[in-house]
Every structure is written in structure tokens, then in C-alpha cells.
Amino acid sequence: MNSRLRPPAHRVSARAMAKWAVELLLGGAVLTGCSFALSGWAARADWTWRFAWLPWFALAATALCVLTIPYWRYRVHRWEISSDVVYLRIGALQRQWLLVPVSRIQTVDAQQSWLERLLRLATLRISTASHEGSSELSGLPLPTATSLAAELAHRAHALRDDAT
């Protein structure tokens, strides 16, 4: 007997890689800028030898992350919706398999950040009463996310039982 879960059927949009790359690039730019500022401060304090490598390390780490992590996340992030369960697989370093019973869904939303709006993407957010709170799936095409939100809300209403 094989106890492993099969991967969910659907991938997120390939444009999600651009979203994740831009998010990493923005974070890396802040990190690199702070390391240049620290290096400049260290130069004035005559500690140049301790921090001269830091900005270049931050720049190299940012470049490496931008070139690898979005592709890695794209290969992992998948989703599937059956008649009674939402099945998500997410996470680049720490992988999660999420099975959300449709009957336990309290709210479902399709949200867009400014970057997702530019790329015509959306994030599906599913809230339940569990201790985990909510589940998110980012990188969906906008029409898919909005139709899934409406479909899940309709199914949850139809399947909801009185036990809470």
C-alpha cells in the first residue's frame, strides 16, 4: 500500500514565477541597500575590513534566490478541488499538503496585490474555523480565482452542516 498523496491536478499560472521573482528582488534590494549602508558606516568607523564583503554577498544571494526559488515554487504549488475537499500543495522549503473540507469553509475570497494586478493574477484565501485559520493559494489567473471563490462559496453553503 502506498501511503503518499498524489500531487494535485492543477498548477498555478506560469506568471506566478514573475510575481515571486519581483517579490524576492524587492526584498533583496532592501537587504542589499541596508548592507551598503552598514558597509559605508563601517568605513567611516574604520571597520572596513569587517563589512566590505557584505553588500556583495547580499547582491549574490539575491541574484541566486531570484533565479532559483520562483521556478522551484512553481514546480511545487498545485491545487485541486473535488466535490467535498480542496487539496493544495504549497511551500518551497517546507512543503505542505493541505486538505480543506468544503463543508468547513467559512469564507473564501479572491484577493489581488498591486503586483498581482499588474500580472493579472490573484490569491485564493480559504478560511475555516480550525486552529490553522486559513489557507492561501497564490499565483492563480484572476478569472480562475474568482470563479473558484464563487464555486467554493456555493458548495460550502450547500454542504454546510449544523455541527460547528
# chains A, B, ... in the order shown; residues from 1 in each chain; ligands from 1
call {"tool": "select_by_dssp", "arguments": {"residues": "stretch 56-98 of chain A", "states": "alpha helix (DSSP H)", "output": "NGL selection string"}}
result
:A and (56-76)
call {"tool": "residues_around", "arguments": {"residues": "A:Val86", "least_positions_apart": "4", "cutoff": "9 Å", "atoms": "only C-alpha atoms", "output": "list in words"}}
result
Trp79, Glu80, Ile81, Ser82, Leu98, Leu99, Val100, Pro101, Val102 and Leu152 of chain A
call {"tool": "atom_distance", "arguments": {"atom1": "atom CA of A:Cys65", "atom2": "atom CA of A:Ala21"}}
result
8.2 Å
call {"tool": "residues_around", "arguments": {"residues": "stretch 26-34 of chain A", "least_positions_apart": "3", "cutoff": "6 Å", "atoms": "only C-alpha atoms", "output": "number ranges by chain"}}
result
A: 23, 37, 55, 58-59, 62
call {"tool": "write_last_selection", "arguments": {"atoms": "N, CA and C atoms", "output": "PDB file, in the first residue's frame"}}
result
ATOM      1  N   GLU A  23       8.948  39.867  -5.974  1.00  0.00           N
ATOM      2  CA  GLU A  23       8.918  39.966  -4.511  1.00  0.00           C
ATOM      3  C   GLU A  23      10.304  39.697  -3.917  1.00  0.00           C
ATOM      4  N   ALA A  37      24.646  50.444   3.283  1.00  0.00           N
ATOM      5  CA  ALA A  37      24.646  51.483   4.321  1.00  0.00           C
ATOM      6  C   ALA A  37      25.512  51.059   5.504  1.00  0.00           C
ATOM      7  N   PRO A  55      27.851  43.765   1.225  1.00  0.00           N
ATOM      8  CA  PRO A  55      26.952  44.137   0.116  1.00  0.00           C
ATOM      9  C   PRO A  55      27.056  43.182  -1.071  1.00  0.00           C
ATOM     10  N   ALA A  58      25.184  40.002  -0.213  1.00  0.00           N
ATOM     11  CA  ALA A  58      23.737  40.227  -0.294  1.00  0.00           C
ATOM     12  C   ALA A  58      23.284  40.274  -1.745  1.00  0.00           C
ATOM     13  N   LEU A  59      24.055  40.929  -2.594  1.00  0.00           N
ATOM     14  CA  LEU A  59      23.724  41.003  -4.012  1.00  0.00           C
ATOM     15  C   LEU A  59      23.758  39.623  -4.669  1.00  0.00           C
ATOM     16  N   THR A  62      20.798  37.519  -3.393  1.00  0.00           N
ATOM     17  CA  THR A  62      19.562  37.963  -4.038  1.00  0.00           C
ATOM     18  C   THR A  62      19.470  37.414  -5.450  1.00  0.00           C
TER      19      THR A  62
END
call {"tool": "residues_around", "arguments": {"residues": "A:Ser130", "least_positions_apart": "4", "cutoff": "12 Å", "atoms": "only C-alpha atoms", "output": "list in words"}}
result
Val100, Pro101, Arg104, Ile105, Gln106, Ile126, Ser134, Ser135 and Thr164 of chain A
call {"tool": "closest_atom_pairs", "arguments": {"of": "stretch 30-138 of chain A", "to": "stretch 10-14 of chain A", "cutoff": "12 Å", "atoms": "only C-alpha atoms", "output": "Markdown table"}}
result
| residue | atom | partner | partner_atom | distance |
| --- | --- | --- | --- | --- |
| A:Pro70 | CA | A:Ala14 | CA | 9.7 |
| A:Tyr71 | CA | A:Ala14 | CA | 9.1 |
| A:Trp72 | CA | A:Ala14 | CA | 11.7 |
| A:Arg73 | CA | A:Val12 | CA | 9.8 |
| A:Tyr74 | CA | A:Val12 | CA | 7.1 |
| A:Arg75 | CA | A:Arg11 | CA | 7.9 |
| A:Val76 | CA | A:Arg11 | CA | 8.3 |
| A:His77 | CA | A:Arg11 | CA | 6.3 |
| A:Arg78 | CA | A:Arg11 | CA | 4.5 |
| A:Trp79 | CA | A:His10 | CA | 5.2 |
| A:Glu80 | CA | A:His10 | CA | 5.9 |
| A:Ile81 | CA | A:His10 | CA | 9.2 |
| A:Ser82 | CA | A:His10 | CA | 11.8 |
| A:Val86 | CA | A:His10 | CA | 11.8 |
| A:Tyr87 | CA | A:His10 | CA | 10.1 |
| A:Leu88 | CA | A:His10 | CA | 9.5 |
| A:Arg89 | CA | A:Arg11 | CA | 9.7 |
| A:Ile90 | CA | A:Val12 | CA | 10.4 |
| A:Glu116 | CA | A:Ser13 | CA | 11.4 |
| A:Leu119 | CA | A:Ser13 | CA | 10.1 |
| A:Arg120 | CA | A:Ser13 | CA | 9.9 |
| A:Leu121 | CA | A:Ser13 | CA | 7.9 |
| A:Ala122 | CA | A:Ser13 | CA | 9.9 |
| A:Thr123 | CA | A:Val12 | CA | 10.3 |
| A:Leu124 | CA | A:Val12 | CA | 11.1 |
| A:Leu137 | CA | A:Val12 | CA | 8.4 |
| A:Ser138 | CA | A:Val12 | CA | 7.6 |
call {"tool": "select_by_dssp", "arguments": {"residues": "chain A", "states": "strand (DSSP E)", "output": "PyMOL selection string"}}
result
chain A and resi 10-11+78-81+85-90+96-101+105-111+121-128+134-141
call {"tool": "closest_residue", "arguments": {"among": "A:Ala16, A:Trp53, A:Gly91, A:Ser103", "to": "A:Ala129", "atoms": "only C-alpha atoms"}}
result
A:Ser103
call {"tool": "atom_distance", "arguments": {"atom1": "atom CA of A:Leu140", "atom2": "atom CA of A:Arg117"}}
result
11.4 Å
call {"tool": "atom_distance", "arguments": {"atom1": "atom CA of A:Trp114", "atom2": "atom CA of A:Gly133"}}
result
24.3 Å
call {"tool": "closest_residue", "arguments": {"among": "A:Thr144, A:Thr68, A:Gln96, A:Ser39", "to": "A:Pro7", "atoms": "only C-alpha atoms"}}
result
A:Gln96
call {"tool": "closest_residue", "arguments": {"among": "A:Gly139, A:His154, A:Ala52, A:Ala145", "to": "A:Leu115", "atoms": "only C-alpha atoms"}}
result
A:Gly139
call {"tool": "closest_residue", "arguments": {"among": "A:Ala92, A:Glu136, A:Phe36, A:Arg15", "to": "A:Ile69", "atoms": "only C-alpha atoms"}}
result
A:Ala92
call {"tool": "closest_residue", "arguments": {"among": "A:Thr107, A:Trp97, A:Val66, A:Gly40", "to": "A:Ala18", "atoms": "only C-alpha atoms"}}
result
A:Val66
call {"tool": "decode", "arguments": {"residues": "stretch 23-36 of chain A", "atoms": "all heavy atoms", "output": "PDB file, in the first residue's frame"}}
result
ATOM      1  N   GLU A  23       8.948  39.867  -5.974  1.00  0.00           N
ATOM      2  CA  GLU A  23       8.918  39.966  -4.511  1.00  0.00           C
ATOM      3  C   GLU A  23      10.304  39.697  -3.917  1.00  0.00           C
ATOM      4  O   GLU A  23      10.743  40.417  -3.017  1.00  0.00           O
ATOM      5  CB  GLU A  23       7.903  38.972  -3.943  1.00  0.00           C
ATOM      6  CG  GLU A  23       6.471  39.354  -4.210  1.00  0.00           C
ATOM      7  CD  GLU A  23       5.474  38.281  -3.825  1.00  0.00           C
ATOM      8  OE1 GLU A  23       5.867  37.111  -3.592  1.00  0.00           O
ATOM      9  OE2 GLU A  23       4.269  38.614  -3.764  1.00  0.00           O
ATOM     10  N   LEU A  24      10.991  38.680  -4.426  1.00  0.00           N
ATOM     11  CA  LEU A  24      12.346  38.393  -3.953  1.00  0.00           C
ATOM     12  C   LEU A  24      13.308  39.517  -4.315  1.00  0.00           C
ATOM     13  O   LEU A  24      14.186  39.870  -3.521  1.00  0.00           O
ATOM     14  CB  LEU A  24      12.842  37.073  -4.543  1.00  0.00           C
ATOM     15  CG  LEU A  24      12.224  35.805  -3.969  1.00  0.00           C
ATOM     16  CD1 LEU A  24      12.554  34.611  -4.852  1.00  0.00           C
ATOM     17  CD2 LEU A  24      12.702  35.569  -2.547  1.00  0.00           C
ATOM     18  N   LEU A  25      13.147  40.078  -5.497  1.00  0.00           N
ATOM     19  CA  LEU A  25      14.010  41.170  -5.949  1.00  0.00           C
ATOM     20  C   LEU A  25      13.828  42.409  -5.069  1.00  0.00           C
ATOM     21  O   LEU A  25      14.816  43.053  -4.690  1.00  0.00           O
ATOM     22  CB  LEU A  25      13.721  41.496  -7.411  1.00  0.00           C
ATOM     23  CG  LEU A  25      14.706  42.374  -8.143  1.00  0.00           C
ATOM     24  CD1 LEU A  25      16.078  41.732  -8.151  1.00  0.00           C
ATOM     25  CD2 LEU A  25      14.232  42.603  -9.562  1.00  0.00           C
ATOM     26  N   LEU A  26      12.589  42.724  -4.717  1.00  0.00           N
ATOM     27  CA  LEU A  26      12.340  43.874  -3.845  1.00  0.00           C
ATOM     28  C   LEU A  26      12.925  43.650  -2.451  1.00  0.00           C
ATOM     29  O   LEU A  26      13.561  44.545  -1.887  1.00  0.00           O
ATOM     30  CB  LEU A  26      10.835  44.155  -3.748  1.00  0.00           C
ATOM     31  CG  LEU A  26      10.165  44.675  -5.024  1.00  0.00           C
ATOM     32  CD1 LEU A  26       8.657  44.750  -4.844  1.00  0.00           C
ATOM     33  CD2 LEU A  26      10.739  46.013  -5.428  1.00  0.00           C
ATOM     34  N   GLY A  27      12.725  42.467  -1.894  1.00  0.00           N
ATOM     35  CA  GLY A  27      13.313  42.150  -0.591  1.00  0.00           C
ATOM     36  C   GLY A  27      14.830  42.162  -0.639  1.00  0.00           C
ATOM     37  O   GLY A  27      15.499  42.665   0.269  1.00  0.00           O
ATOM     38  N   GLY A  28      15.396  41.621  -1.723  1.00  0.00           N
ATOM     39  CA  GLY A  28      16.840  41.613  -1.888  1.00  0.00           C
ATOM     40  C   GLY A  28      17.410  43.008  -2.069  1.00  0.00           C
ATOM     41  O   GLY A  28      18.519  43.295  -1.611  1.00  0.00           O
ATOM     42  N   ALA A  29      16.645  43.880  -2.733  1.00  0.00           N
ATOM     43  CA  ALA A  29      17.107  45.261  -2.910  1.00  0.00           C
ATOM     44  C   ALA A  29      17.183  45.981  -1.566  1.00  0.00           C
ATOM     45  O   ALA A  29      18.143  46.720  -1.307  1.00  0.00           O
ATOM     46  CB  ALA A  29      16.173  46.007  -3.863  1.00  0.00           C
ATOM     47  N   VAL A  30      16.204  45.747  -0.705  1.00  0.00           N
ATOM     48  CA  VAL A  30      16.228  46.348   0.639  1.00  0.00           C
ATOM     49  C   VAL A  30      17.413  45.799   1.433  1.00  0.00           C
ATOM     50  O   VAL A  30      18.163  46.559   2.061  1.00  0.00           O
ATOM     51  CB  VAL A  30      14.898  46.092   1.380  1.00  0.00           C
ATOM     52  CG1 VAL A  30      14.999  46.469   2.852  1.00  0.00           C
ATOM     53  CG2 VAL A  30      13.763  46.842   0.708  1.00  0.00           C
ATOM     54  N   LEU A  31      17.604  44.493   1.384  1.00  0.00           N
ATOM     55  CA  LEU A  31      18.723  43.871   2.094  1.00  0.00           C
ATOM     56  C   LEU A  31      20.074  44.382   1.582  1.00  0.00           C
ATOM     57  O   LEU A  31      20.963  44.714   2.361  1.00  0.00           O
ATOM     58  CB  LEU A  31      18.654  42.348   1.955  1.00  0.00           C
ATOM     59  CG  LEU A  31      19.752  41.551   2.633  1.00  0.00           C
ATOM     60  CD1 LEU A  31      19.648  41.686   4.146  1.00  0.00           C
ATOM     61  CD2 LEU A  31      19.676  40.093   2.215  1.00  0.00           C
ATOM     62  N   THR A  32      20.205  44.475   0.269  1.00  0.00           N
ATOM     63  CA  THR A  32      21.455  44.960  -0.324  1.00  0.00           C
ATOM     64  C   THR A  32      21.690  46.427   0.025  1.00  0.00           C
ATOM     65  O   THR A  32      22.808  46.824   0.365  1.00  0.00           O
ATOM     66  CB  THR A  32      21.442  44.758  -1.854  1.00  0.00           C
ATOM     67  OG1 THR A  32      21.238  43.363  -2.120  1.00  0.00           O
ATOM     68  CG2 THR A  32      22.732  45.200  -2.489  1.00  0.00           C
ATOM     69  N   GLY A  33      20.620  47.235  -0.037  1.00  0.00           N
ATOM     70  CA  GLY A  33      20.753  48.644   0.337  1.00  0.00           C
ATOM     71  C   GLY A  33      21.172  48.816   1.787  1.00  0.00           C
ATOM     72  O   GLY A  33      22.049  49.637   2.098  1.00  0.00           O
ATOM     73  N   CYS A  34      20.573  48.041   2.681  1.00  0.00           N
ATOM     74  CA  CYS A  34      20.961  48.110   4.103  1.00  0.00           C
ATOM     75  C   CYS A  34      22.402  47.660   4.300  1.00  0.00           C
ATOM     76  O   CYS A  34      23.137  48.236   5.115  1.00  0.00           O
ATOM     77  CB  CYS A  34      20.017  47.252   4.947  1.00  0.00           C
ATOM     78  SG  CYS A  34      18.361  47.937   5.106  1.00  0.00           S
ATOM     79  N   SER A  35      22.829  46.643   3.552  1.00  0.00           N
ATOM     80  CA  SER A  35      24.215  46.177   3.710  1.00  0.00           C
ATOM     81  C   SER A  35      25.210  47.204   3.159  1.00  0.00           C
ATOM     82  O   SER A  35      26.297  47.365   3.709  1.00  0.00           O
ATOM     83  CB  SER A  35      24.403  44.813   3.049  1.00  0.00           C
ATOM     84  OG  SER A  35      24.212  44.892   1.664  1.00  0.00           O
ATOM     85  N   PHE A  36      24.841  47.934   2.089  1.00  0.00           N
ATOM     86  CA  PHE A  36      25.699  49.017   1.599  1.00  0.00           C
ATOM     87  C   PHE A  36      25.780  50.137   2.635  1.00  0.00           C
ATOM     88  O   PHE A  36      26.845  50.707   2.858  1.00  0.00           O
ATOM     89  CB  PHE A  36      25.203  49.562   0.256  1.00  0.00           C
ATOM     90  CG  PHE A  36      25.805  48.896  -0.928  1.00  0.00           C
ATOM     91  CD1 PHE A  36      25.035  48.073  -1.737  1.00  0.00           C
ATOM     92  CD2 PHE A  36      27.140  49.081  -1.255  1.00  0.00           C
ATOM     93  CE1 PHE A  36      25.588  47.440  -2.843  1.00  0.00           C
ATOM     94  CE2 PHE A  36      27.703  48.454  -2.363  1.00  0.00           C
ATOM     95  CZ  PHE A  36      26.921  47.632  -3.158  1.00  0.00           C
TER      96      PHE A  36
END
